[in-house]
$ cat protein_20.pdb   # PDB, C-alpha atoms, pLDDT in the B column
ATOM      1  CA  ALA A   1      -5.873  24.815  -3.424  1.00 85.00           C
ATOM      2  CA  LEU A   2      -5.380  24.607  -7.208  1.00 87.00           C
ATOM      3  CA  PHE A   3      -8.387  22.256  -7.332  1.00 89.00           C
ATOM      4  CA  HIS A   4     -10.458  24.139  -4.702  1.00 91.00           C
ATOM      5  CA  TYR A   5      -9.810  21.235  -2.250  1.00 94.00           C
ATOM      6  CA  GLU A   6     -11.933  18.845  -4.346  1.00 95.00           C
ATOM      7  CA  ILE A   7     -10.296  16.204  -6.553  1.00 95.00           C
ATOM      8  CA  ALA A   8     -12.657  14.140  -8.700  1.00 94.00           C
ATOM      9  CA  PRO A   9     -12.416  10.323  -8.657  1.00 94.00           C
ATOM     10  CA  HIS A  10      -9.574   9.004 -10.812  1.00 94.00           C
ATOM     11  CA  VAL A  11      -7.196   6.044 -10.920  1.00 95.00           C
ATOM     12  CA  HIS A  12      -3.421   5.505 -11.180  1.00 95.00           C
ATOM     13  CA  ASP A  13      -2.637   2.307 -13.077  1.00 93.00           C
ATOM     14  CA  HIS A  14       0.890   1.805 -11.725  1.00 95.00           C
ATOM     15  CA  LEU A  15       1.327   4.235  -8.829  1.00 96.00           C
ATOM     16  CA  VAL A  16       0.763   3.994  -5.082  1.00 96.00           C
ATOM     17  CA  GLN A  17      -0.014   7.207  -3.213  1.00 96.00           C
ATOM     18  CA  LEU A  18       0.662   7.954   0.457  1.00 96.00           C
ATOM     19  CA  LEU A  19      -0.757  10.957   2.285  1.00 96.00           C
ATOM     20  CA  HIS A  20       0.438  11.844   5.782  1.00 96.00           C
ATOM     21  CA  VAL A  21      -2.144  14.340   7.022  1.00 96.00           C
ATOM     22  CA  THR A  22      -0.552  16.419   9.797  1.00 94.00           C
ATOM     23  CA  VAL A  23      -3.129  19.247   9.939  1.00 95.00           C
ATOM     24  CA  GLY A  24      -6.841  19.397   9.148  1.00 96.00           C
ATOM     25  CA  GLY A  25      -8.890  16.629   7.608  1.00 96.00           C
ATOM     26  CA  GLY A  26     -11.380  15.710   4.931  1.00 96.00           C
ATOM     27  CA  THR A  27     -12.943  12.726   3.223  1.00 95.00           C
ATOM     28  CA  ALA A  28     -11.351  10.168   0.923  1.00 95.00           C
ATOM     29  CA  LEU A  29     -13.561   8.422  -1.634  1.00 93.00           C
ATOM     30  CA  ILE A  30     -11.920   5.060  -2.408  1.00 92.00           C
ATOM     31  CA  ASP A  31     -13.606   2.427  -4.591  1.00 89.00           C
ATOM     32  CA  GLY A  32     -16.989   4.002  -3.908  1.00 86.00           C
ATOM     33  CA  ALA A  33     -16.614   4.063  -0.093  1.00 89.00           C
ATOM     34  CA  ARG A  34     -16.288   7.293   1.907  1.00 91.00           C
ATOM     35  CA  TRP A  35     -13.446   7.417   4.477  1.00 92.00           C
ATOM     36  CA  PRO A  36     -13.457  10.498   6.739  1.00 94.00           C
ATOM     37  CA  PHE A  37     -10.059  11.403   8.169  1.00 95.00           C
ATOM     38  CA  ARG A  38      -8.584  13.876  10.631  1.00 95.00           C
ATOM     39  CA  ALA A  39      -4.968  14.629  11.470  1.00 94.00           C
ATOM     40  CA  PRO A  40      -2.860  12.828  12.369  1.00 94.00           C
ATOM     41  CA  ALA A  41      -3.806  10.332   9.679  1.00 94.00           C
ATOM     42  CA  LEU A  42      -2.078   8.190   7.095  1.00 95.00           C
ATOM     43  CA  ILE A  43      -3.818   7.258   3.843  1.00 96.00           C
ATOM     44  CA  VAL A  44      -2.628   4.529   1.464  1.00 96.00           C
ATOM     45  CA  VAL A  45      -4.078   4.361  -2.058  1.00 96.00           C
ATOM     46  CA  PRO A  46      -2.524   1.492  -4.050  1.00 96.00           C
ATOM     47  CA  ALA A  47      -2.443   1.371  -7.844  1.00 95.00           C
ATOM     48  CA  GLN A  48      -5.701   0.624  -9.684  1.00 93.00           C
ATOM     49  CA  HIS A  49      -8.022   1.832  -6.902  1.00 94.00           C
ATOM     50  CA  VAL A  50     -10.415   4.617  -7.905  1.00 94.00           C
ATOM     51  CA  HIS A  51     -10.063   7.528  -5.488  1.00 95.00           C
ATOM     52  CA  GLY A  52     -11.090  11.150  -5.036  1.00 95.00           C
ATOM     53  CA  TRP A  53     -10.716  13.731  -2.281  1.00 96.00           C
ATOM     54  CA  HIS A  54     -12.518  16.422  -0.351  1.00 96.00           C
ATOM     55  CA  PHE A  55     -10.038  18.366   1.777  1.00 96.00           C
ATOM     56  CA  GLU A  56     -10.652  20.984   4.440  1.00 96.00           C
ATOM     57  CA  THR A  57      -9.009  24.288   3.535  1.00 95.00           C
ATOM     58  CA  ASP A  58      -6.413  24.071   6.341  1.00 95.00           C
ATOM     59  CA  VAL A  59      -5.210  20.585   5.376  1.00 95.00           C
ATOM     60  CA  ASP A  60      -1.453  19.994   5.320  1.00 95.00           C
ATOM     61  CA  GLY A  61       1.083  17.195   5.181  1.00 95.00           C
ATOM     62  CA  PRO A  62       3.378  15.404   2.750  1.00 95.00           C
ATOM     63  CA  VAL A  63       2.185  13.321  -0.208  1.00 95.00           C
ATOM     64  CA  VAL A  64       4.345  10.700  -1.937  1.00 96.00           C
ATOM     65  CA  THR A  65       3.463   9.103  -5.269  1.00 95.00           C
ATOM     66  CA  ALA A  66       5.675   6.172  -6.304  1.00 95.00           C
ATOM     67  CA  ALA A  67       5.800   3.235  -8.715  1.00 94.00           C
ATOM     68  CA  GLN A  68       4.067   0.325  -7.008  1.00 94.00           C
ATOM     69  CA  ARG A  69       5.686  -2.641  -8.778  1.00 93.00           C
ATOM     70  CA  PRO A  70       9.314  -2.003  -7.630  1.00 92.00           C
ATOM     71  CA  LEU A  71       8.107  -1.650  -4.039  1.00 93.00           C
ATOM     72  CA  GLU A  72       6.170  -4.923  -4.293  1.00 93.00           C
ATOM     73  CA  SER A  73       9.198  -6.690  -5.796  1.00 92.00           C
ATOM     74  CA  LEU A  74      11.426  -5.491  -2.961  1.00 91.00           C
ATOM     75  CA  ALA A  75       8.868  -6.473  -0.330  1.00 92.00           C
ATOM     76  CA  ALA A  76       8.365  -9.908  -1.919  1.00 90.00           C
ATOM     77  CA  VAL A  77      12.066 -10.647  -1.427  1.00 88.00           C
ATOM     78  CA  GLY A  78      12.731  -9.126   1.981  1.00 86.00           C
ATOM     79  CA  ALA A  79       9.415  -8.535   3.755  1.00 89.00           C
ATOM     80  CA  PRO A  80       6.430 -10.407   2.251  1.00 91.00           C
ATOM     81  CA  ASP A  81       4.339  -9.525   5.311  1.00 91.00           C
ATOM     82  CA  LEU A  82       4.335  -5.910   4.023  1.00 92.00           C
ATOM     83  CA  LEU A  83       2.660  -6.840   0.718  1.00 92.00           C
ATOM     84  CA  PRO A  84      -0.914  -6.628   2.056  1.00 91.00           C
ATOM     85  CA  HIS A  85      -0.153  -3.100   3.305  1.00 92.00           C
ATOM     86  CA  LEU A  86       1.089  -2.131  -0.174  1.00 93.00           C
ATOM     87  CA  ARG A  87      -2.012  -3.511  -1.879  1.00 92.00           C
ATOM     88  CA  ARG A  88      -4.869  -2.552   0.453  1.00 91.00           C
ATOM     89  CA  PRO A  89      -6.377   0.963   0.606  1.00 93.00           C
ATOM     90  CA  ARG A  90      -6.202   2.235   4.171  1.00 92.00           C
ATOM     91  CA  VAL A  91      -7.116   5.309   6.196  1.00 94.00           C
ATOM     92  CA  LEU A  92      -5.214   4.976   9.472  1.00 94.00           C
ATOM     93  CA  ASP A  93      -5.534   6.938  12.697  1.00 92.00           C
ATOM     94  CA  VAL A  94      -1.891   7.679  13.455  1.00 91.00           C
ATOM     95  CA  GLY A  95      -2.802   8.837  16.962  1.00 87.00           C
ATOM     96  CA  CYS A  96      -3.277   5.175  17.948  1.00 85.00           C
ATOM     97  CA  ALA A  97       0.469   4.581  17.630  1.00 86.00           C
ATOM     98  CA  PRO A  98       2.360   7.648  18.895  1.00 85.00           C
ATOM     99  CA  ARG A  99       5.823   6.041  18.809  1.00 85.00           C
ATOM    100  CA  GLN A 100       5.411   5.073  15.156  1.00 85.00           C
ATOM    101  CA  ALA A 101       3.913   8.487  14.405  1.00 85.00           C
ATOM    102  CA  GLU A 102       7.142  10.143  15.582  1.00 88.00           C
ATOM    103  CA  ALA A 103       9.099   8.149  12.996  1.00 89.00           C
ATOM    104  CA  LEU A 104       6.894   9.112  10.045  1.00 91.00           C
ATOM    105  CA  LEU A 105       7.699  12.773   9.424  1.00 90.00           C
ATOM    106  CA  PRO A 106      11.514  12.308   9.418  1.00 94.00           C
ATOM    107  CA  LEU A 107      11.083   9.511   6.847  1.00 96.00           C
ATOM    108  CA  PHE A 108       8.898  11.679   4.595  1.00 95.00           C
ATOM    109  CA  GLU A 109      11.385  14.541   4.953  1.00 95.00           C
ATOM    110  CA  ALA A 110      14.254  12.210   3.988  1.00 96.00           C
ATOM    111  CA  ILE A 111      12.314  11.048   0.898  1.00 95.00           C
ATOM    112  CA  GLU A 112      11.777  14.680  -0.129  1.00 94.00           C
ATOM    113  CA  ARG A 113      15.471  15.419   0.422  1.00 94.00           C
ATOM    114  CA  GLU A 114      16.496  12.523  -1.873  1.00 93.00           C
ATOM    115  CA  TYR A 115      14.020  13.687  -4.518  1.00 92.00           C
ATOM    116  CA  ARG A 116      15.353  17.251  -4.469  1.00 92.00           C
ATOM    117  CA  LEU A 117      19.040  16.224  -4.433  1.00 92.00           C
ATOM    118  CA  GLN A 118      18.768  14.181  -7.645  1.00 90.00           C
ATOM    119  CA  ALA A 119      22.086  12.580  -6.618  1.00 92.00           C
ATOM    120  CA  PRO A 120      23.431   9.176  -7.751  1.00 93.00           C
ATOM    121  CA  GLY A 121      21.637   6.388  -5.904  1.00 92.00           C
ATOM    122  CA  GLY A 122      18.688   8.637  -5.094  1.00 90.00           C
ATOM    123  CA  ALA A 123      16.067   6.248  -6.467  1.00 89.00           C
ATOM    124  CA  THR A 124      17.513   3.382  -4.438  1.00 91.00           C
ATOM    125  CA  ALA A 125      17.621   5.503  -1.274  1.00 93.00           C
ATOM    126  CA  GLY A 126      14.065   6.727  -1.883  1.00 92.00           C
ATOM    127  CA  THR A 127      12.770   3.184  -2.353  1.00 92.00           C
ATOM    128  CA  ALA A 128      14.482   2.032   0.839  1.00 93.00           C
ATOM    129  CA  LEU A 129      12.969   4.958   2.747  1.00 95.00           C
ATOM    130  CA  LEU A 130       9.526   4.125   1.363  1.00 95.00           C
ATOM    131  CA  MET A 131       9.914   0.556   2.588  1.00 95.00           C
ATOM    132  CA  ALA A 132      10.721   1.996   6.028  1.00 95.00           C
ATOM    133  CA  VAL A 133       7.487   4.028   5.795  1.00 95.00           C
ATOM    134  CA  PHE A 134       5.550   0.834   5.048  1.00 95.00           C
ATOM    135  CA  VAL A 135       7.125  -0.850   8.083  1.00 94.00           C
ATOM    136  CA  GLN A 136       5.663   1.999  10.168  1.00 94.00           C
ATOM    137  CA  ILE A 137       2.325   1.642   8.323  1.00 93.00           C
ATOM    138  CA  ALA A 138       2.203  -2.055   9.279  1.00 93.00           C
ATOM    139  CA  ARG A 139       2.912  -1.163  12.926  1.00 91.00           C
ATOM    140  CA  ILE A 140       0.308   1.616  12.946  1.00 92.00           C
ATOM    141  CA  ALA A 141      -2.248  -0.708  11.318  1.00 91.00           C
ATOM    142  CA  ALA A 142      -1.617  -3.301  14.048  1.00 88.00           C
ATOM    143  CA  ALA A 143      -2.434  -0.655  16.676  1.00 85.00           C
ATOM    144  CA  GLN A 144      -5.850   0.186  15.168  1.00 81.00           C
ATOM    145  CA  PRO A 145      -8.653  -1.037  17.473  1.00 71.00           C
ATOM    146  CA  GLU A 146     -10.289  -3.172  14.786  1.00 63.00           C
ATOM    147  CA  GLU A 147      -6.920  -4.643  13.814  1.00 53.00           C
ATOM    148  CA  ALA A 148      -6.048  -5.673  17.351  1.00 46.00           C
ATOM    149  CA  ALA A 149      -9.291  -7.643  17.536  1.00 45.00           C
ATOM    150  CA  GLN A 150      -8.325  -9.534  14.379  1.00 47.00           C
ATOM    151  CA  ALA A 151      -4.675 -10.355  15.181  1.00 46.00           C
ATOM    152  CA  GLY A 152      -5.102 -14.111  14.703  1.00 51.00           C
ATOM    153  CA  GLN A 153      -6.833 -13.634  11.370  1.00 52.00           C
ATOM    154  CA  ALA A 154      -4.067 -11.259  10.283  1.00 50.00           C
ATOM    155  CA  ALA A 155      -1.410 -13.933  10.847  1.00 56.00           C
ATOM    156  CA  ALA A 156      -3.395 -16.367   8.686  1.00 61.00           C
ATOM    157  CA  ARG A 157      -3.778 -13.713   5.974  1.00 63.00           C
ATOM    158  CA  THR A 158      -0.016 -13.106   6.028  1.00 66.00           C
ATOM    159  CA  ARG A 159       0.682 -16.801   5.404  1.00 77.00           C
ATOM    160  CA  LYS A 160      -1.862 -16.871   2.577  1.00 81.00           C
ATOM    161  CA  ALA A 161      -0.404 -13.692   1.073  1.00 78.00           C
ATOM    162  CA  ALA A 162       3.068 -15.300   1.043  1.00 80.00           C
ATOM    163  CA  VAL A 163       1.714 -18.292  -0.946  1.00 86.00           C
ATOM    164  CA  VAL A 164      -0.069 -16.013  -3.417  1.00 85.00           C
ATOM    165  CA  GLU A 165       3.101 -13.942  -3.818  1.00 83.00           C
ATOM    166  CA  ARG A 166       5.034 -17.119  -4.700  1.00 86.00           C
ATOM    167  CA  PHE A 167       2.345 -17.840  -7.313  1.00 90.00           C
ATOM    168  CA  ARG A 168       2.606 -14.311  -8.763  1.00 85.00           C
ATOM    169  CA  ALA A 169       6.394 -14.634  -8.961  1.00 84.00           C
ATOM    170  CA  ALA A 170       6.048 -17.993 -10.741  1.00 88.00           C
ATOM    171  CA  VAL A 171       3.626 -16.500 -13.264  1.00 88.00           C
ATOM    172  CA  ASP A 172       6.084 -13.666 -13.954  1.00 85.00           C
ATOM    173  CA  THR A 173       8.938 -16.148 -14.373  1.00 84.00           C
ATOM    174  CA  ARG A 174       7.160 -18.821 -16.431  1.00 85.00           C
ATOM    175  CA  PHE A 175       4.596 -16.940 -18.499  1.00 85.00           C
ATOM    176  CA  ARG A 176       6.380 -17.874 -21.751  1.00 88.00           C
ATOM    177  CA  ASP A 177       6.004 -21.573 -20.847  1.00 91.00           C
ATOM    178  CA  ARG A 178       2.205 -21.143 -20.642  1.00 90.00           C
ATOM    179  CA  TRP A 179       1.854 -23.183 -17.483  1.00 92.00           C
ATOM    180  CA  SER A 180      -1.698 -24.209 -16.619  1.00 92.00           C
ATOM    181  CA  VAL A 181      -3.297 -23.360 -13.287  1.00 93.00           C
ATOM    182  CA  ASP A 182      -2.957 -27.049 -12.381  1.00 94.00           C
ATOM    183  CA  GLN A 183       0.809 -26.946 -12.991  1.00 93.00           C
ATOM    184  CA  HIS A 184       1.234 -23.805 -10.872  1.00 93.00           C
ATOM    185  CA  ALA A 185      -0.906 -25.273  -8.091  1.00 93.00           C
ATOM    186  CA  ASP A 186       1.045 -28.535  -8.140  1.00 93.00           C
ATOM    187  CA  ALA A 187       4.355 -26.651  -7.843  1.00 92.00           C
ATOM    188  CA  LEU A 188       2.970 -24.905  -4.732  1.00 92.00           C
ATOM    189  CA  GLY A 189       1.662 -28.143  -3.219  1.00 92.00           C
ATOM    190  CA  LEU A 190      -1.973 -27.082  -3.676  1.00 93.00           C
ATOM    191  CA  SER A 191      -4.968 -28.130  -5.722  1.00 93.00           C
ATOM    192  CA  ALA A 192      -6.173 -25.766  -8.461  1.00 93.00           C
ATOM    193  CA  GLY A 193      -9.298 -25.079  -6.383  1.00 93.00           C
ATOM    194  CA  GLN A 194      -7.247 -24.150  -3.313  1.00 92.00           C
ATOM    195  CA  LEU A 195      -5.056 -21.825  -5.382  1.00 93.00           C
ATOM    196  CA  SER A 196      -8.126 -20.147  -6.896  1.00 92.00           C
ATOM    197  CA  ARG A 197      -9.701 -19.618  -3.484  1.00 90.00           C
ATOM    198  CA  LEU A 198      -6.462 -18.158  -2.100  1.00 89.00           C
ATOM    199  CA  CYS A 199      -6.177 -15.737  -5.040  1.00 88.00           C
ATOM    200  CA  ARG A 200      -9.781 -14.590  -4.658  1.00 85.00           C
ATOM    201  CA  GLU A 201      -9.296 -14.051  -0.928  1.00 83.00           C
ATOM    202  CA  VAL A 202      -5.939 -12.287  -1.039  1.00 78.00           C
ATOM    203  CA  LEU A 203      -6.194 -10.388  -4.323  1.00 77.00           C
TER     204      LEU A 203
END

$ encode --input "protein_20.pdb" --output "C-alpha cells"
Amino acid sequence: ALFHYEIAPHVHDHLVQLLHVTVGGGTALIDGARWPFRAPALIVVPAQHVHGWHFETDVDGPVVTAAQRPLESLAAVGAPDLLPHLRRPRVLDVGCAPRQAEALLPLFEAIEREYRLQAPGGATAGTALLMAVFVQIARIAAAQPEEAAQAGQAAARTRKAAVVERFRAAVDTRFRDRWSVDQHADALGLSAGQLSRLCREVL
C-alpha cells in the first residue's frame, strides 16, 4: 500500500525474492515479460533479473528476500538439481500441487519466526528453511502442466546444470591461476566448444 500497489521495475544484484501470494493477484513484470498471477501462487525472482509489480488492492501473503549466493552454494553441495529453480524466474500456480501447497505456509511462518527471534544459529536455520521452500518449489514446478510435458527435457537440463555448476565451482577455486577455457573444459572431460554451449544453454 505504501507504493499504491505499483512497484516500478528494478533489480537486486545479489538477492533472490520469493512471494507466496495467498490472497488476490496481480501482474509481475520480469525481464520485460508480463506474468499475471492469482492466489495461490508462488513467484521466484532471482538476483539480477529486472522486475516490477502491479498488485490488486486485496493482495496478501509472505515475501522473503535473501542472499542468493549462500543458497546456491548450499544447493551445489547437497542438491544441485535445485540450482535451476534458484536461478530461473518463475510464476507458479500452487493450486496444481495441493499437497506441496500445504507445506509452504508453515515454512514461511518458520522463516519469519527465526528472523524475529534473532537467536544464535538463526541465519543457519533460516537458510535451511529456505532450502526446504525450494524443495517444495521444485515439486510444484514439476506439477505444472507445461512442466509435466517436458519431464524428459528437464532431466537432461538437470544433468547439464550439474556440469555447469562444477565449472562455476572450478572458476571460483582457480581464478588466481588464470586457467583458460580449454583447461577448464579438459578438466571436465569436454571440449571448449561443448563447455561454451552448455554455459549458454544453462546460464

$ residues_around --input "protein_20.pdb" --residues "region 83-94 of chain A" --least-positions-apart "6" --cutoff "6 Å" --atoms "all atoms listed in the file" --output "list in words"
Pro40, Ala41, Leu42, Ile43, Val44, Val45, Pro46 and Ala101 of chain A

$ closest_residue --input "protein_20.pdb" --among "A:Ile137, A:Val63, A:Leu18, A:Ile7" --to "Glu112 (chain A)" --atoms "only C-alpha atoms"
A:Val63

$ resolve_selection --input "protein_20.pdb" --expression "the PyMOL selection byres ((chain A and resi 178-193) around 12)" --output "list in words"
Lys160, Ala162, Val163, Val164, Glu165, Arg166, Phe167, Arg168, Ala169, Ala170, Val171, Asp172, Thr173, Arg174, Phe175, Arg176, Asp177, Gln194, Leu195, Ser196, Arg197, Leu198, Cys199 and Arg200 of chain A

$ write_last_selection --input "protein_20.pdb" --atoms "C-alpha atoms" --output "tab-separated table (two decimals), in the coordinates of the input"
chain	number	residue	atom	x	y	z
A	160	LYS	CA	-1.86	-16.87	2.58
A	162	ALA	CA	3.07	-15.30	1.04
A	163	VAL	CA	1.71	-18.29	-0.95
A	164	VAL	CA	-0.07	-16.01	-3.42
A	165	GLU	CA	3.10	-13.94	-3.82
A	166	ARG	CA	5.03	-17.12	-4.70
A	167	PHE	CA	2.35	-17.84	-7.31
A	168	ARG	CA	2.61	-14.31	-8.76
A	169	ALA	CA	6.39	-14.63	-8.96
A	170	ALA	CA	6.05	-17.99	-10.74
A	171	VAL	CA	3.63	-16.50	-13.26
A	172	ASP	CA	6.08	-13.67	-13.95
A	173	THR	CA	8.94	-16.15	-14.37
A	174	ARG	CA	7.16	-18.82	-16.43
A	175	PHE	CA	4.60	-16.94	-18.50
A	176	ARG	CA	6.38	-17.87	-21.75
A	177	ASP	CA	6.00	-21.57	-20.85
A	194	GLN	CA	-7.25	-24.15	-3.31
A	195	LEU	CA	-5.06	-21.82	-5.38
A	196	SER	CA	-8.13	-20.15	-6.90
A	197	ARG	CA	-9.70	-19.62	-3.48
A	198	LEU	CA	-6.46	-18.16	-2.10
A	199	CYS	CA	-6.18	-15.74	-5.04
A	200	ARG	CA	-9.78	-14.59	-4.66

$ residues_near_point --input "protein_20.pdb" --point "(-14.1, 11.4, 5.6)" --cutoff "10 Å" --atoms "all atoms listed in the file" --output "list in words"
Gly25, Gly26, Thr27, Ala28, Leu29, Ala33, Arg34, Trp35, Pro36, Phe37, Arg38, Trp53, His54, Phe55 and Val91 of chain A

$ resolve_selection --input "protein_20.pdb" --expression "the PyMOL selection byres ((chain A and resi 68) around 8)" --output "count of residues only"
12

$ atom_distance --input "protein_20.pdb" --atom1 "CA of Asp58 (chain A)" --atom2 "CA of Phe108 (chain A)"
19.8 Å

$ residues_around --input "protein_20.pdb" --residues "Ala138 (chain A)" --least-positions-apart "3" --cutoff "9 Å" --atoms "only C-alpha atoms" --output "ChimeraX atom specification"
/A:81-82,85,133-135,141-143

$ closest_residue --input "protein_20.pdb" --among "A:Ile111, A:Ala119, A:Ala161, A:Ala103" --to "Gln136 (chain A)" --atoms "only C-alpha atoms"
A:Ala103

$ atom_distance --input "protein_20.pdb" --atom1 "CA of Gly78 (chain A)" --atom2 "CA of Leu130 (chain A)"
13.6 Å

$ axis_aligned_box --input "protein_20.pdb" --around "region 173-192 of chain A" --padding-each-side "6 Å" --output "AutoDock Vina command-line options"
--center_x 1.4 --center_y -22.3 --center_z -12.5 --size_x 27.1 --size_y 24.4 --size_z 30.5

$ atom_distance --input "protein_20.pdb" --atom1 "CA of Ala110 (chain A)" --atom2 "CA of Ala123 (chain A)"
12.2 Å

$ closest_residue --input "protein_20.pdb" --among "A:Val50, A:Leu2, A:Leu129, A:Ala75" --to "Glu114 (chain A)" --atoms "only C-alpha atoms"
A:Leu129

$ closest_residue --input "protein_20.pdb" --among "A:Gln100, A:Gln48, A:Thr22, A:Gln144" --to "Ala132 (chain A)" --atoms "only C-alpha atoms"
A:Gln100

$ closest_residue --input "protein_20.pdb" --among "A:Val64, A:Ile30, A:Leu74, A:Val202" --to "Leu107 (chain A)" --atoms "only C-alpha atoms"
A:Val64

$ closest_residue --input "protein_20.pdb" --among "A:Asp60, A:Asp31, A:Glu201, A:Glu102" --to "Leu19 (chain A)" --atoms "all atoms listed in the file"
A:Asp60

$ build_atoms --input "protein_20.pdb" --residues "region 182-200 of chain A" --atoms "N, CA and C atoms" --output "short mmCIF file (atom, residue, chain, number, x, y, z; two decimals), in the coordinates of the input"
data_model
loop_
_atom_site.label_atom_id
_atom_site.label_comp_id
_atom_site.auth_asym_id
_atom_site.auth_seq_id
_atom_site.Cartn_x
_atom_site.Cartn_y
_atom_site.Cartn_z
N ASP A 182 -3.27 -25.79 -13.06
CA ASP A 182 -2.96 -27.05 -12.38
C ASP A 182 -1.45 -27.20 -12.15
N GLN A 183 -0.64 -26.83 -13.15
CA GLN A 183 0.81 -26.95 -12.99
C GLN A 183 1.33 -26.01 -11.91
N HIS A 184 0.82 -24.76 -11.91
CA HIS A 184 1.23 -23.80 -10.87
C HIS A 184 0.82 -24.31 -9.49
N ALA A 185 -0.42 -24.79 -9.38
CA ALA A 185 -0.91 -25.27 -8.09
C ALA A 185 -0.06 -26.44 -7.60
N ASP A 186 0.25 -27.37 -8.51
CA ASP A 186 1.04 -28.54 -8.14
C ASP A 186 2.42 -28.12 -7.62
N ALA A 187 3.03 -27.12 -8.27
CA ALA A 187 4.36 -26.65 -7.84
C ALA A 187 4.31 -26.04 -6.44
N LEU A 188 3.13 -25.52 -6.06
CA LEU A 188 2.97 -24.90 -4.73
C LEU A 188 2.44 -25.89 -3.70
N GLY A 189 2.19 -27.14 -4.14
CA GLY A 189 1.66 -28.14 -3.22
C GLY A 189 0.19 -27.94 -2.90
N LEU A 190 -0.55 -27.36 -3.86
CA LEU A 190 -1.97 -27.08 -3.68
C LEU A 190 -2.78 -27.72 -4.80
N SER A 191 -4.09 -27.80 -4.61
CA SER A 191 -4.97 -28.13 -5.72
C SER A 191 -5.31 -26.84 -6.46
N ALA A 192 -5.79 -26.96 -7.69
CA ALA A 192 -6.17 -25.77 -8.46
C ALA A 192 -7.28 -25.01 -7.74
N GLY A 193 -8.21 -25.73 -7.12
CA GLY A 193 -9.30 -25.08 -6.38
C GLY A 193 -8.79 -24.28 -5.20
N GLN A 194 -7.82 -24.87 -4.46
CA GLN A 194 -7.25 -24.15 -3.31
C GLN A 194 -6.53 -22.87 -3.76
N LEU A 195 -5.78 -22.99 -4.87
CA LEU A 195 -5.06 -21.82 -5.38
C LEU A 195 -6.04 -20.73 -5.82
N SER A 196 -7.12 -21.12 -6.47
CA SER A 196 -8.13 -20.15 -6.90
C SER A 196 -8.76 -19.45 -5.70
N ARG A 197 -9.09 -20.22 -4.67
CA ARG A 197 -9.70 -19.62 -3.48
C ARG A 197 -8.73 -18.65 -2.80
N LEU A 198 -7.46 -19.03 -2.71
CA LEU A 198 -6.46 -18.16 -2.10
C LEU A 198 -6.35 -16.83 -2.88
N CYS A 199 -6.31 -16.95 -4.21
CA CYS A 199 -6.18 -15.74 -5.04
C CYS A 199 -7.38 -14.83 -4.86
N ARG A 200 -8.58 -15.42 -4.84
CA ARG A 200 -9.78 -14.59 -4.66
C ARG A 200 -9.75 -13.90 -3.30
#
